[in-house]
file run.cif (mmCIF, C-alpha atoms)
data_input
loop_
_atom_site.label_atom_id
_atom_site.label_comp_id
_atom_site.auth_asym_id
_atom_site.auth_seq_id
_atom_site.Cartn_x
_atom_site.Cartn_y
_atom_site.Cartn_z
CA MET G 1 -67.55 -9.38 -32.37
CA PRO G 2 -68.01 -12.18 -34.85
CA GLY G 3 -65.63 -13.53 -37.44
CA ALA G 4 -63.21 -11.34 -39.31
CA ALA G 5 -62.39 -7.77 -38.43
CA GLY G 6 -63.25 -5.53 -41.30
CA GLU G 7 -65.60 -2.73 -42.00
CA GLY G 8 -67.25 -1.34 -38.89
CA SER G 9 -64.33 -2.11 -36.57
CA ALA G 10 -64.28 1.51 -35.44
CA GLN G 11 -67.64 0.94 -33.72
CA ARG G 12 -66.30 -1.87 -31.55
CA PRO G 13 -65.58 -0.98 -27.93
CA ILE G 14 -62.03 -0.42 -26.82
CA ILE G 15 -60.86 -3.26 -24.58
CA VAL G 16 -59.27 -1.87 -21.42
CA ILE G 17 -57.29 -3.97 -18.94
CA VAL G 18 -56.48 -2.34 -15.61
CA GLY G 19 -55.64 -3.30 -12.04
CA ALA G 20 -52.95 -2.99 -9.42
CA THR G 21 -49.29 -3.64 -10.05
CA GLY G 22 -48.55 -7.35 -9.97
CA THR G 23 -51.98 -8.65 -11.03
CA GLY G 24 -50.92 -9.87 -14.48
CA LYS G 25 -52.34 -7.19 -16.77
CA SER G 26 -49.70 -7.58 -19.48
CA GLU G 27 -50.04 -11.34 -19.59
CA LEU G 28 -53.82 -11.15 -19.84
CA SER G 29 -53.56 -8.59 -22.64
CA LEU G 30 -51.33 -10.98 -24.58
CA ASP G 31 -53.57 -13.97 -23.87
CA LEU G 32 -56.65 -12.03 -24.92
CA ALA G 33 -55.02 -10.68 -28.07
CA GLN G 34 -53.92 -14.19 -29.00
CA ALA G 35 -57.38 -15.64 -28.34
CA LEU G 36 -59.02 -12.96 -30.48
CA GLY G 37 -56.45 -13.57 -33.21
CA GLU G 38 -57.43 -17.23 -33.23
CA ARG G 39 -60.94 -16.02 -34.06
CA ASP G 40 -59.66 -13.90 -36.96
CA VAL G 41 -60.00 -10.68 -34.95
CA PRO G 42 -56.67 -8.82 -35.16
CA THR G 43 -55.68 -6.80 -32.12
CA GLU G 44 -52.98 -4.32 -31.17
CA ILE G 45 -51.93 -3.32 -27.66
CA VAL G 46 -51.58 0.27 -26.43
CA ASN G 47 -49.51 0.86 -23.29
CA ALA G 48 -51.05 2.88 -20.44
CA ASP G 49 -48.21 2.58 -17.93
CA ALA G 50 -46.49 5.95 -17.52
CA MET G 51 -43.07 4.50 -16.71
CA GLN G 52 -43.09 2.10 -19.66
CA LEU G 53 -43.09 5.11 -21.97
CA TYR G 54 -39.38 5.48 -21.18
CA ARG G 55 -36.62 3.88 -23.22
CA GLY G 56 -34.23 1.79 -21.18
CA MET G 57 -36.52 1.55 -18.14
CA ASP G 58 -37.36 -2.10 -18.60
CA VAL G 59 -36.57 -4.22 -15.55
CA GLY G 60 -38.06 -1.81 -13.04
CA THR G 61 -41.28 -1.36 -15.02
CA ALA G 62 -41.82 -5.05 -15.87
CA LYS G 63 -41.96 -4.09 -19.54
CA VAL G 64 -42.71 -7.05 -21.80
CA PRO G 65 -39.59 -7.60 -23.94
CA VAL G 66 -39.99 -7.65 -27.72
CA ALA G 67 -39.36 -11.40 -27.78
CA GLY G 68 -42.23 -11.93 -25.35
CA ARG G 69 -44.86 -9.95 -27.25
CA ARG G 70 -45.98 -12.97 -29.32
CA GLY G 71 -45.86 -10.99 -32.55
CA ILE G 72 -48.66 -8.69 -31.38
CA PRO G 73 -48.05 -5.01 -32.25
CA HIS G 74 -47.45 -2.80 -29.20
CA HIS G 75 -47.71 0.98 -29.09
CA LEU G 76 -46.39 3.72 -26.78
CA LEU G 77 -43.54 1.72 -25.34
CA ASP G 78 -40.07 3.32 -25.40
CA VAL G 79 -41.28 6.64 -26.81
CA LEU G 80 -39.60 8.98 -24.31
CA ASP G 81 -36.02 9.58 -23.31
CA PRO G 82 -35.63 9.23 -19.51
CA ARG G 83 -34.54 12.88 -19.39
CA GLU G 84 -37.96 13.96 -20.72
CA GLU G 85 -41.00 14.60 -18.55
CA ALA G 86 -44.09 12.51 -19.23
CA SER G 87 -47.24 14.55 -19.78
CA VAL G 88 -50.75 13.13 -19.45
CA ALA G 89 -52.03 15.68 -21.95
CA ASP G 90 -49.42 14.62 -24.52
CA TYR G 91 -50.09 10.97 -23.78
CA GLN G 92 -53.82 11.44 -24.36
CA VAL G 93 -53.16 12.76 -27.86
CA LEU G 94 -50.72 9.96 -28.72
CA ALA G 95 -52.87 7.17 -27.29
CA ARG G 96 -56.09 8.30 -28.95
CA ARG G 97 -54.25 8.69 -32.25
CA ALA G 98 -52.84 5.16 -31.90
CA ILE G 99 -56.31 3.79 -31.14
CA GLU G 100 -57.84 5.51 -34.15
CA GLU G 101 -55.05 4.22 -36.40
CA ILE G 102 -55.51 0.68 -35.05
CA GLU G 103 -59.23 0.87 -35.75
CA GLY G 104 -58.47 2.25 -39.20
CA ARG G 105 -56.51 -0.94 -39.91
CA GLY G 106 -59.57 -3.00 -38.96
CA ALA G 107 -58.03 -4.17 -35.68
CA VAL G 108 -59.23 -3.94 -32.09
CA PRO G 109 -57.24 -1.82 -29.61
CA ILE G 110 -56.43 -3.21 -26.17
CA LEU G 111 -55.44 -0.44 -23.75
CA VAL G 112 -53.49 -1.92 -20.84
CA GLY G 113 -51.79 -0.40 -17.83
CA GLY G 114 -52.04 0.64 -14.23
CA SER G 115 -51.51 4.41 -14.44
CA GLY G 116 -55.04 5.51 -13.57
CA LEU G 117 -54.91 9.07 -14.81
CA TYR G 118 -53.35 7.95 -18.10
CA VAL G 119 -56.09 5.35 -18.64
CA SER G 120 -58.81 7.84 -17.72
CA SER G 121 -57.37 10.49 -20.04
CA VAL G 122 -57.95 8.14 -22.96
CA ILE G 123 -61.28 6.48 -22.25
CA GLN G 124 -63.04 9.41 -20.56
CA ASP G 125 -63.84 12.94 -21.63
CA PHE G 126 -60.74 14.52 -20.12
CA ARG G 127 -60.01 18.11 -21.13
CA PHE G 128 -56.88 19.61 -19.67
CA PRO G 129 -57.11 23.12 -18.22
CA VAL G 130 -54.68 25.80 -19.23
CA THR G 131 -51.47 26.25 -17.32
CA ASP G 132 -49.70 29.33 -16.01
CA PRO G 133 -45.88 29.22 -15.89
CA GLU G 134 -45.67 31.68 -12.98
CA VAL G 135 -48.16 29.78 -10.82
CA ARG G 136 -46.50 26.49 -11.71
CA ALA G 137 -43.02 27.83 -10.89
CA ARG G 138 -44.19 29.14 -7.52
CA LEU G 139 -45.76 25.83 -6.56
CA GLU G 140 -42.74 23.86 -7.76
CA ALA G 141 -40.48 26.09 -5.67
CA GLU G 142 -42.66 25.41 -2.65
CA LEU G 143 -42.51 21.68 -3.38
CA ALA G 144 -38.71 21.80 -3.55
CA GLU G 145 -38.49 23.80 -0.32
CA ALA G 146 -41.14 22.15 1.85
CA GLY G 147 -41.78 18.77 0.23
CA PRO G 148 -45.09 17.28 -0.92
CA GLY G 149 -46.68 16.99 2.54
CA ARG G 150 -47.65 20.65 2.81
CA LEU G 151 -49.04 20.70 -0.74
CA HIS G 152 -51.03 17.55 -0.06
CA ALA G 153 -52.56 19.05 3.11
CA ARG G 154 -53.60 22.16 1.18
CA LEU G 155 -55.10 20.08 -1.62
CA ALA G 156 -56.99 17.93 0.91
CA ALA G 157 -58.61 21.09 2.27
CA ARG G 158 -59.70 22.21 -1.21
CA ASP G 159 -60.41 18.94 -3.04
CA ALA G 160 -60.42 15.91 -0.77
CA GLY G 161 -61.19 13.50 -3.62
CA ALA G 162 -58.21 14.61 -5.68
CA ALA G 163 -55.93 14.55 -2.62
CA GLN G 164 -56.92 10.97 -1.85
CA ALA G 165 -56.48 9.84 -5.43
CA ILE G 166 -53.10 11.51 -5.90
CA GLY G 167 -51.66 10.57 -2.50
CA PRO G 168 -49.16 12.47 -0.36
CA HIS G 169 -45.98 11.63 -2.29
CA ASN G 170 -46.65 12.54 -5.94
CA GLY G 171 -45.30 16.09 -5.91
CA ARG G 172 -45.71 16.67 -9.62
CA ARG G 173 -49.42 15.86 -9.65
CA LEU G 174 -50.00 17.79 -6.41
CA VAL G 175 -48.50 20.87 -8.06
CA ARG G 176 -50.72 20.39 -11.11
CA ALA G 177 -53.88 19.95 -9.03
CA LEU G 178 -53.21 23.08 -6.98
CA GLU G 179 -52.35 25.01 -10.14
CA VAL G 180 -55.68 24.09 -11.74
CA ILE G 181 -57.60 24.99 -8.60
CA GLU G 182 -55.87 28.36 -8.37
CA LEU G 183 -56.47 29.17 -12.05
CA THR G 184 -60.07 27.97 -12.30
CA GLY G 185 -61.38 28.37 -8.77
CA GLU G 186 -62.90 24.89 -9.14
CA PRO G 187 -61.96 21.44 -7.79
CA PHE G 188 -59.29 19.61 -9.73
CA GLY G 189 -61.62 16.62 -10.14
CA SER G 190 -58.95 14.18 -11.34
CA GLY G 191 -59.82 11.81 -8.52
CA LEU G 192 -63.39 11.35 -9.71
CA PRO G 193 -63.30 9.35 -12.93
CA GLU G 194 -66.83 8.08 -12.38
CA ASP G 195 -68.15 11.60 -13.00
CA ARG G 196 -66.73 11.85 -16.49
CA ALA G 197 -68.44 10.80 -19.70
CA GLY G 198 -66.75 8.29 -21.97
CA TRP G 199 -64.67 9.21 -25.02
CA ARG G 200 -65.56 5.88 -26.64
CA ALA G 201 -67.46 2.79 -25.63
CA SER G 202 -65.14 0.59 -23.59
CA VAL G 203 -65.12 -2.90 -22.10
CA ILE G 204 -63.14 -2.49 -18.89
CA ILE G 205 -61.60 -5.61 -17.37
CA ALA G 206 -60.11 -4.98 -13.92
CA LEU G 207 -57.89 -7.60 -12.32
CA ASP G 208 -58.29 -8.16 -8.60
CA ALA G 209 -56.21 -9.99 -6.01
CA PRO G 210 -56.83 -10.58 -2.31
CA ARG G 211 -54.70 -8.13 -0.35
CA PRO G 212 -52.61 -10.78 1.48
CA GLU G 213 -51.78 -12.50 -1.81
CA LEU G 214 -50.97 -9.21 -3.52
CA VAL G 215 -48.60 -8.23 -0.70
CA ILE G 216 -46.67 -11.45 -1.23
CA ARG G 217 -46.64 -11.02 -5.01
CA LEU G 218 -45.40 -7.45 -4.77
CA GLY G 219 -42.58 -8.44 -2.45
CA ASP G 220 -41.54 -11.22 -4.79
CA ARG G 221 -41.81 -8.88 -7.76
CA VAL G 222 -39.52 -6.25 -6.24
CA ARG G 223 -36.93 -8.78 -5.12
CA GLY G 224 -37.10 -10.26 -8.61
CA MET G 225 -36.33 -6.85 -10.12
CA TRP G 226 -33.09 -6.65 -8.18
CA ALA G 227 -32.25 -10.23 -9.10
CA ALA G 228 -32.95 -9.44 -12.78
CA GLY G 229 -30.44 -6.58 -12.84
CA LEU G 230 -32.31 -3.39 -11.91
CA LEU G 231 -29.16 -1.97 -10.34
CA ASP G 232 -27.21 -2.48 -13.57
CA GLU G 233 -30.04 -0.94 -15.57
CA VAL G 234 -30.05 2.17 -13.38
CA ALA G 235 -26.26 2.41 -13.49
CA ARG G 236 -26.49 2.57 -17.30
CA LEU G 237 -29.21 5.23 -17.22
CA VAL G 238 -27.76 7.64 -14.67
CA PRO G 239 -24.73 8.90 -16.64
CA ALA G 240 -26.98 10.20 -19.45
CA GLY G 241 -29.22 11.92 -16.91
CA LEU G 242 -32.74 11.30 -15.67
CA GLY G 243 -35.63 13.74 -15.60
CA VAL G 244 -37.67 14.33 -12.46
CA THR G 245 -40.30 11.72 -13.31
CA ALA G 246 -37.83 8.94 -14.10
CA TRP G 247 -35.58 9.88 -11.16
CA ARG G 248 -38.47 9.54 -8.70
CA ALA G 249 -39.96 6.36 -10.18
CA ILE G 250 -40.55 3.66 -7.58
CA GLY G 251 -37.59 1.29 -7.57
CA TYR G 252 -35.39 3.59 -9.62
CA ALA G 253 -35.08 6.19 -6.85
CA GLN G 254 -34.18 3.44 -4.39
CA ALA G 255 -31.66 1.85 -6.77
CA ILE G 256 -30.04 5.27 -7.20
CA GLY G 257 -29.89 5.54 -3.42
CA GLN G 258 -28.12 2.21 -3.28
CA LEU G 259 -25.66 3.19 -6.00
CA GLU G 260 -24.89 6.40 -4.11
CA ALA G 261 -24.39 4.41 -0.87
CA GLN G 262 -27.30 6.19 0.81
CA LEU G 263 -29.17 2.88 1.18
CA THR G 264 -28.07 -0.69 1.61
CA GLU G 265 -29.51 -3.18 -0.85
CA ALA G 266 -31.85 -4.53 1.83
CA GLU G 267 -33.06 -1.00 2.63
CA ALA G 268 -33.55 -0.16 -1.06
CA ILE G 269 -35.60 -3.31 -1.59
CA GLU G 270 -37.72 -2.83 1.52
CA ASP G 271 -38.38 0.83 0.70
CA THR G 272 -39.43 -0.17 -2.82
CA ILE G 273 -41.74 -2.89 -1.51
CA ALA G 274 -43.41 -0.44 0.91
CA LEU G 275 -43.92 2.22 -1.78
CA THR G 276 -45.19 -0.36 -4.28
CA ARG G 277 -47.78 -1.57 -1.77
CA ARG G 278 -48.99 1.99 -1.22
CA TYR G 279 -49.14 2.59 -4.95
CA ALA G 280 -51.15 -0.61 -5.46
CA ARG G 281 -53.69 0.56 -2.87
CA ARG G 282 -54.12 3.85 -4.74
CA GLN G 283 -54.50 1.99 -8.04
CA VAL G 284 -57.29 -0.18 -6.66
CA SER G 285 -59.02 2.86 -5.17
CA TRP G 286 -58.84 4.65 -8.53
CA PHE G 287 -60.13 1.77 -10.65
CA ARG G 288 -62.94 0.94 -8.18
CA ARG G 289 -64.52 4.20 -9.30
CA TYR G 290 -64.93 2.95 -12.88
CA ALA G 291 -68.63 2.31 -13.27
CA GLY G 292 -69.30 -0.84 -15.24
CA ALA G 293 -65.82 -2.34 -14.83
CA HIS G 294 -65.76 -6.14 -14.77
CA TRP G 295 -63.63 -7.25 -11.81
CA LEU G 296 -62.01 -10.64 -12.33
CA ASP G 297 -59.75 -12.67 -10.03
CA TYR G 298 -56.18 -12.53 -11.32
CA ASP G 299 -55.65 -16.27 -10.71
CA ASP G 300 -59.02 -17.58 -11.90
CA PRO G 301 -58.26 -20.61 -14.10
CA ASP G 302 -61.03 -19.43 -16.44
CA LEU G 303 -59.68 -15.87 -16.61
CA ARG G 304 -58.77 -15.97 -20.29
CA GLU G 305 -62.13 -17.41 -21.34
CA THR G 306 -64.09 -15.02 -19.15
CA ALA G 307 -62.15 -12.03 -20.50
CA LEU G 308 -62.66 -13.30 -24.05
CA GLY G 309 -66.40 -13.55 -23.45
CA LEU G 310 -66.47 -9.95 -22.26
CA ALA G 311 -64.41 -8.82 -25.24
CA ILE G 312 -66.74 -10.42 -27.76
CA GLY G 313 -69.88 -9.48 -25.88
CA LYS G 314 -70.95 -12.93 -24.71
CA ASN G 315 -70.94 -12.20 -20.95
#

call {"tool": "encode", "arguments": {"input": "run.cif", "output": "structure tokens"}}
result
Amino acid sequence: MPGAAGEGSAQRPIIVIVGATGTGKSELSLDLAQALGERDVPTEIVNADAMQLYRGMDVGTAKVPVAGRRGIPHHLLDVLDPREEASVADYQVLARRAIEEIEGRGAVPILVGGSGLYVSSVIQDFRFPVTDPEVRARLEAELAEAGPGRLHARLAARDAGAAQAIGPHNGRRLVRALEVIELTGEPFGSGLPEDRAGWRASVIIALDAPRPELVIRLGDRVRGMWAAGLLDEVARLVPAGLGVTAWRAIGYAQAIGQLEAQLTEAEAIEDTIALTRRYARRQVSWFRRYAGAHWLDYDDPDLRETALGLAIGKN
């Protein structure tokens, strides 16, 4: 990727930065964009964190504020009202369009985020099966009545890979997986990104952290969210209403519980830490399936230079 970005930029690989919550993906994306800019290679960042799509959900999602974006254009932040439901299929269309427009301007897209299915929907050949409102309604009614555990057990019996990737708590995705299986008679397959061909050539940089260090970082991160005003943020959001996705977001659900006096602050924080740790484990499991990903230590003093070498094809 020499010199100036001009004609032929569309053939350059997409740079993808993934990893578990708390490994510094946003900061690396900014560092890398800045380093490429210093080499006359303009870049723009595309968000791949499902919760950062929502306006007003800032503290609890660790969204980089406008003042901290170093003048680098960012896309797909604050594009949904919290009352709306995020859709991977819709996101795929928006993200791919943003990437094509970035390339059309002669810039390099950096896709960054920890929502595995959202990342995969962009960089891999994901085609979303049709849906059936009656089947969906029946499964959602079962979810509301019995909770996600029963749906997860059924999915595990039919598609163990998808059940492991989705986990036992994500009711919305469990419903979708079972709906697809019922309509197609085939495995959902969303838990197997390594089996899917690529949409475009990509350089995937995955940030890694030793588990004991990540546990400490996640605890500090959650406590920092409360110290930074998560409770006030949630109190401002609730009166306007929250959709199912936003309402159940890790941290937000617990803050709502605290506001409604169902949890003490200590309980809300500890519940959030526990759920965040589980989520981080699922993220690592998902991204480990990406063939060809370059795993880098999150605290390597040479991280920026190593990532830059990968981005320009020198490693």

call {"tool": "residues_near_point", "arguments": {"input": "run.cif", "point": "(-54.4, 2.5, -8.7)", "cutoff": "7 Å", "atoms": "all atoms listed in the file", "output": "PyMOL selection string"}}
result
chain G and resi 19-20+114-116+279-287

call {"tool": "residues_near_point", "arguments": {"input": "run.cif", "point": "(-27.2, 0.2, -12.7)", "cutoff": "12 Å", "atoms": "only C-alpha atoms", "output": "PyMOL selection string"}}
result
chain G and resi 56-60+225-226+228-239+251-260

call {"tool": "atom_distance", "arguments": {"input": "run.cif", "atom1": "CA of Thr245 (chain G)", "atom2": "CA of Thr276 (chain G)"}}
result
15.9 Å

call {"tool": "atom_distance", "arguments": {"input": "run.cif", "atom1": "CA of Arg136 (chain G)", "atom2": "CA of Ala240 (chain G)"}}
result
26.6 Å

call {"tool": "residues_around", "arguments": {"input": "run.cif", "residues": "Ala206 (chain G)", "least_positions_apart": "4", "cutoff": "10 Å", "atoms": "all atoms listed in the file", "output": "MDAnalysis selection string"}}
result
chainID G and resid 16:20 23 25 114 284 287:288 290 293:298 307

call {"tool": "write_last_selection", "arguments": {"input": "run.cif", "atoms": "C-alpha atoms", "output": "PDB file, keeping the file's coordinate frame"}}
result
ATOM      1  CA  VAL G  16     -59.270  -1.870 -21.420  1.00  0.00           C
ATOM      2  CA  ILE G  17     -57.290  -3.970 -18.940  1.00  0.00           C
ATOM      3  CA  VAL G  18     -56.480  -2.340 -15.610  1.00  0.00           C
ATOM      4  CA  GLY G  19     -55.640  -3.300 -12.040  1.00  0.00           C
ATOM      5  CA  ALA G  20     -52.950  -2.990  -9.420  1.00  0.00           C
ATOM      6  CA  THR G  23     -51.980  -8.650 -11.030  1.00  0.00           C
ATOM      7  CA  LYS G  25     -52.340  -7.190 -16.770  1.00  0.00           C
ATOM      8  CA  GLY G 114     -52.040   0.640 -14.230  1.00  0.00           C
ATOM      9  CA  VAL G 284     -57.290  -0.180  -6.660  1.00  0.00           C
ATOM     10  CA  PHE G 287     -60.130   1.770 -10.650  1.00  0.00           C
ATOM     11  CA  ARG G 288     -62.940   0.940  -8.180  1.00  0.00           C
ATOM     12  CA  TYR G 290     -64.930   2.950 -12.880  1.00  0.00           C
ATOM     13  CA  ALA G 293     -65.820  -2.340 -14.830  1.00  0.00           C
ATOM     14  CA  HIS G 294     -65.760  -6.140 -14.770  1.00  0.00           C
ATOM     15  CA  TRP G 295     -63.630  -7.250 -11.810  1.00  0.00           C
ATOM     16  CA  LEU G 296     -62.010 -10.640 -12.330  1.00  0.00           C
ATOM     17  CA  ASP G 297     -59.750 -12.670 -10.030  1.00  0.00           C
ATOM     18  CA  TYR G 298     -56.180 -12.530 -11.320  1.00  0.00           C
ATOM     19  CA  ALA G 307     -62.150 -12.030 -20.500  1.00  0.00           C
TER      20      ALA G 307
END

call {"tool": "resolve_selection", "arguments": {"input": "run.cif", "expression": "the PyMOL selection byres ((chain G and resi 111) around 10)", "output": "PDB file with C-alpha atoms, in the coordinates of the input"}}
result
ATOM      1  CA  ILE G  14     -62.030  -0.420 -26.820  1.00  0.00           C
ATOM      2  CA  ILE G  15     -60.860  -3.260 -24.580  1.00  0.00           C
ATOM      3  CA  VAL G  16     -59.270  -1.870 -21.420  1.00  0.00           C
ATOM      4  CA  ILE G  17     -57.290  -3.970 -18.940  1.00  0.00           C
ATOM      5  CA  VAL G  18     -56.480  -2.340 -15.610  1.00  0.00           C
ATOM      6  CA  SER G  29     -53.560  -8.590 -22.640  1.00  0.00           C
ATOM      7  CA  GLU G  44     -52.980  -4.320 -31.170  1.00  0.00           C
ATOM      8  CA  ILE G  45     -51.930  -3.320 -27.660  1.00  0.00           C
ATOM      9  CA  VAL G  46     -51.580   0.270 -26.430  1.00  0.00           C
ATOM     10  CA  ASN G  47     -49.510   0.860 -23.290  1.00  0.00           C
ATOM     11  CA  ALA G  48     -51.050   2.880 -20.440  1.00  0.00           C
ATOM     12  CA  ASP G  49     -48.210   2.580 -17.930  1.00  0.00           C
ATOM     13  CA  HIS G  74     -47.450  -2.800 -29.200  1.00  0.00           C
ATOM     14  CA  HIS G  75     -47.710   0.980 -29.090  1.00  0.00           C
ATOM     15  CA  ALA G  95     -52.870   7.170 -27.290  1.00  0.00           C
ATOM     16  CA  ILE G  99     -56.310   3.790 -31.140  1.00  0.00           C
ATOM     17  CA  VAL G 108     -59.230  -3.940 -32.090  1.00  0.00           C
ATOM     18  CA  PRO G 109     -57.240  -1.820 -29.610  1.00  0.00           C
ATOM     19  CA  ILE G 110     -56.430  -3.210 -26.170  1.00  0.00           C
ATOM     20  CA  VAL G 112     -53.490  -1.920 -20.840  1.00  0.00           C
ATOM     21  CA  GLY G 113     -51.790  -0.400 -17.830  1.00  0.00           C
ATOM     22  CA  VAL G 119     -56.090   5.350 -18.640  1.00  0.00           C
ATOM     23  CA  VAL G 122     -57.950   8.140 -22.960  1.00  0.00           C
ATOM     24  CA  ILE G 123     -61.280   6.480 -22.250  1.00  0.00           C
ATOM     25  CA  SER G 202     -65.140   0.590 -23.590  1.00  0.00           C
ATOM     26  CA  ILE G 204     -63.140  -2.490 -18.890  1.00  0.00           C
TER      27      ILE G 204
END

call {"tool": "atom_distance", "arguments": {"input": "run.cif", "atom1": "CA of Phe126 (chain G)", "atom2": "CA of Val88 (chain G)"}}
result
10.1 Å

call {"tool": "residues_around", "arguments": {"input": "run.cif", "residues": "Arg150 (chain G)", "least_positions_apart": "3", "cutoff": "12 Å", "atoms": "all atoms listed in the file", "output": "PyMOL selection string"}}
result
chain G and resi 139+142-147+153-157+163+168-171+174-175+178

call {"tool": "write_last_selection", "arguments": {"input": "run.cif", "atoms": "C-alpha atoms", "output": "PDB file, in the frame of the given file"}}
result
ATOM      1  CA  LEU G 139     -45.760  25.830  -6.560  1.00  0.00           C
ATOM      2  CA  GLU G 142     -42.660  25.410  -2.650  1.00  0.00           C
ATOM      3  CA  LEU G 143     -42.510  21.680  -3.380  1.00  0.00           C
ATOM      4  CA  ALA G 144     -38.710  21.800  -3.550  1.00  0.00           C
ATOM      5  CA  GLU G 145     -38.490  23.800  -0.320  1.00  0.00           C
ATOM      6  CA  ALA G 146     -41.140  22.150   1.850  1.00  0.00           C
ATOM      7  CA  GLY G 147     -41.780  18.770   0.230  1.00  0.00           C
ATOM      8  CA  ALA G 153     -52.560  19.050   3.110  1.00  0.00           C
ATOM      9  CA  ARG G 154     -53.600  22.160   1.180  1.00  0.00           C
ATOM     10  CA  LEU G 155     -55.100  20.080  -1.620  1.00  0.00           C
ATOM     11  CA  ALA G 156     -56.990  17.930   0.910  1.00  0.00           C
ATOM     12  CA  ALA G 157     -58.610  21.090   2.270  1.00  0.00           C
ATOM     13  CA  ALA G 163     -55.930  14.550  -2.620  1.00  0.00           C
ATOM     14  CA  PRO G 168     -49.160  12.470  -0.360  1.00  0.00           C
ATOM     15  CA  HIS G 169     -45.980  11.630  -2.290  1.00  0.00           C
ATOM     16  CA  ASN G 170     -46.650  12.540  -5.940  1.00  0.00           C
ATOM     17  CA  GLY G 171     -45.300  16.090  -5.910  1.00  0.00           C
ATOM     18  CA  LEU G 174     -50.000  17.790  -6.410  1.00  0.00           C
ATOM     19  CA  VAL G 175     -48.500  20.870  -8.060  1.00  0.00           C
ATOM     20  CA  LEU G 178     -53.210  23.080  -6.980  1.00  0.00           C
TER      21      LEU G 178
END

call {"tool": "residues_around", "arguments": {"input": "run.cif", "residues": "Ala177 (chain G)", "least_positions_apart": "6", "cutoff": "12 Å", "atoms": "all atoms listed in the file", "output": "PyMOL selection string"}}
result
chain G and resi 128-131+135-136+139-140+151-152+154-156+158-167+170-171+183-191

call {"tool": "resolve_selection", "arguments": {"input": "run.cif", "expression": "the PyMOL selection byres ((chain G and resi 243) around 6)", "output": "ChimeraX atom specification"}}
result
/G:82-84,242,244-247

call {"tool": "write_last_selection", "arguments": {"input": "run.cif", "atoms": "C-alpha atoms", "output": "PDB file, keeping the file's coordinate frame"}}
result
ATOM      1  CA  PRO G  82     -35.630   9.230 -19.510  1.00  0.00           C
ATOM      2  CA  ARG G  83     -34.540  12.880 -19.390  1.00  0.00           C
ATOM      3  CA  GLU G  84     -37.960  13.960 -20.720  1.00  0.00           C
ATOM      4  CA  LEU G 242     -32.740  11.300 -15.670  1.00  0.00           C
ATOM      5  CA  VAL G 244     -37.670  14.330 -12.460  1.00  0.00           C
ATOM      6  CA  THR G 245     -40.300  11.720 -13.310  1.00  0.00           C
ATOM      7  CA  ALA G 246     -37.830   8.940 -14.100  1.00  0.00           C
ATOM      8  CA  TRP G 247     -35.580   9.880 -11.160  1.00  0.00           C
TER       9      TRP G 247
END

call {"tool": "closest_residue", "arguments": {"input": "run.cif", "among": "G:Val222, G:Ser87, G:Thr21, G:Gly71", "to": "Arg278 (chain G)", "atoms": "all atoms listed in the file"}}
result
G:Thr21

call {"tool": "closest_residue", "arguments": {"input": "run.cif", "among": "G:Glu270, G:Asp208, G:Asp132, G:Asp300", "to": "Asp220 (chain G)", "atoms": "only C-alpha atoms"}}
result
G:Glu270

call {"tool": "residues_around", "arguments": {"input": "run.cif", "residues": "Leu30 (chain G)", "least_positions_apart": "4", "cutoff": "8 Å", "atoms": "only C-alpha atoms", "output": "ChimeraX atom specification"}}
result
/G:26,34,69-70,72

call {"tool": "write_last_selection", "arguments": {"input": "run.cif", "atoms": "C-alpha atoms", "output": "CSV table (one decimal), in the coordinates of the input"}}
result
chain,number,residue,atom,x,y,z
G,26,SER,CA,-49.7,-7.6,-19.5
G,34,GLN,CA,-53.9,-14.2,-29.0
G,69,ARG,CA,-44.9,-10.0,-27.2
G,70,ARG,CA,-46.0,-13.0,-29.3
G,72,ILE,CA,-48.7,-8.7,-31.4

call {"tool": "closest_residue", "arguments": {"input": "run.cif", "among": "G:Ile273, G:Met51, G:Ala89, G:Leu263", "to": "Val215 (chain G)", "atoms": "all atoms listed in the file"}}
result
G:Ile273

call {"tool": "resolve_selection", "arguments": {"input": "run.cif", "expression": "the PyMOL selection byres ((chain G and resi 124) around 7)", "output": "PDB file with C-alpha atoms, keeping the file's coordinate frame"}}
result
ATOM      1  CA  SER G 120     -58.810   7.840 -17.720  1.00  0.00           C
ATOM      2  CA  SER G 121     -57.370  10.490 -20.040  1.00  0.00           C
ATOM      3  CA  VAL G 122     -57.950   8.140 -22.960  1.00  0.00           C
ATOM      4  CA  ILE G 123     -61.280   6.480 -22.250  1.00  0.00           C
ATOM      5  CA  ASP G 125     -63.840  12.940 -21.630  1.00  0.00           C
ATOM      6  CA  PHE G 126     -60.740  14.520 -20.120  1.00  0.00           C
ATOM      7  CA  ARG G 196     -66.730  11.850 -16.490  1.00  0.00           C
ATOM      8  CA  ALA G 197     -68.440  10.800 -19.700  1.00  0.00           C
ATOM      9  CA  GLY G 198     -66.750   8.290 -21.970  1.00  0.00           C
ATOM     10  CA  TRP G 199     -64.670   9.210 -25.020  1.00  0.00           C
TER      11      TRP G 199
END

call {"tool": "axis_aligned_box", "arguments": {"input": "run.cif", "around": "region 256-269 of chain G", "padding_each_side": "8 Å", "output": "AutoDock Vina command-line options"}}
result
--center_x -30.0 --center_y 0.9 --center_z -2.3 --size_x 27.2 --size_y 26.9 --size_z 25.8

call {"tool": "closest_residue", "arguments": {"input": "run.cif", "among": "G:Val64, G:Gln52, G:Gly313, G:Ala98", "to": "Leu77 (chain G)", "atoms": "all atoms listed in the file"}}
result
G:Gln52
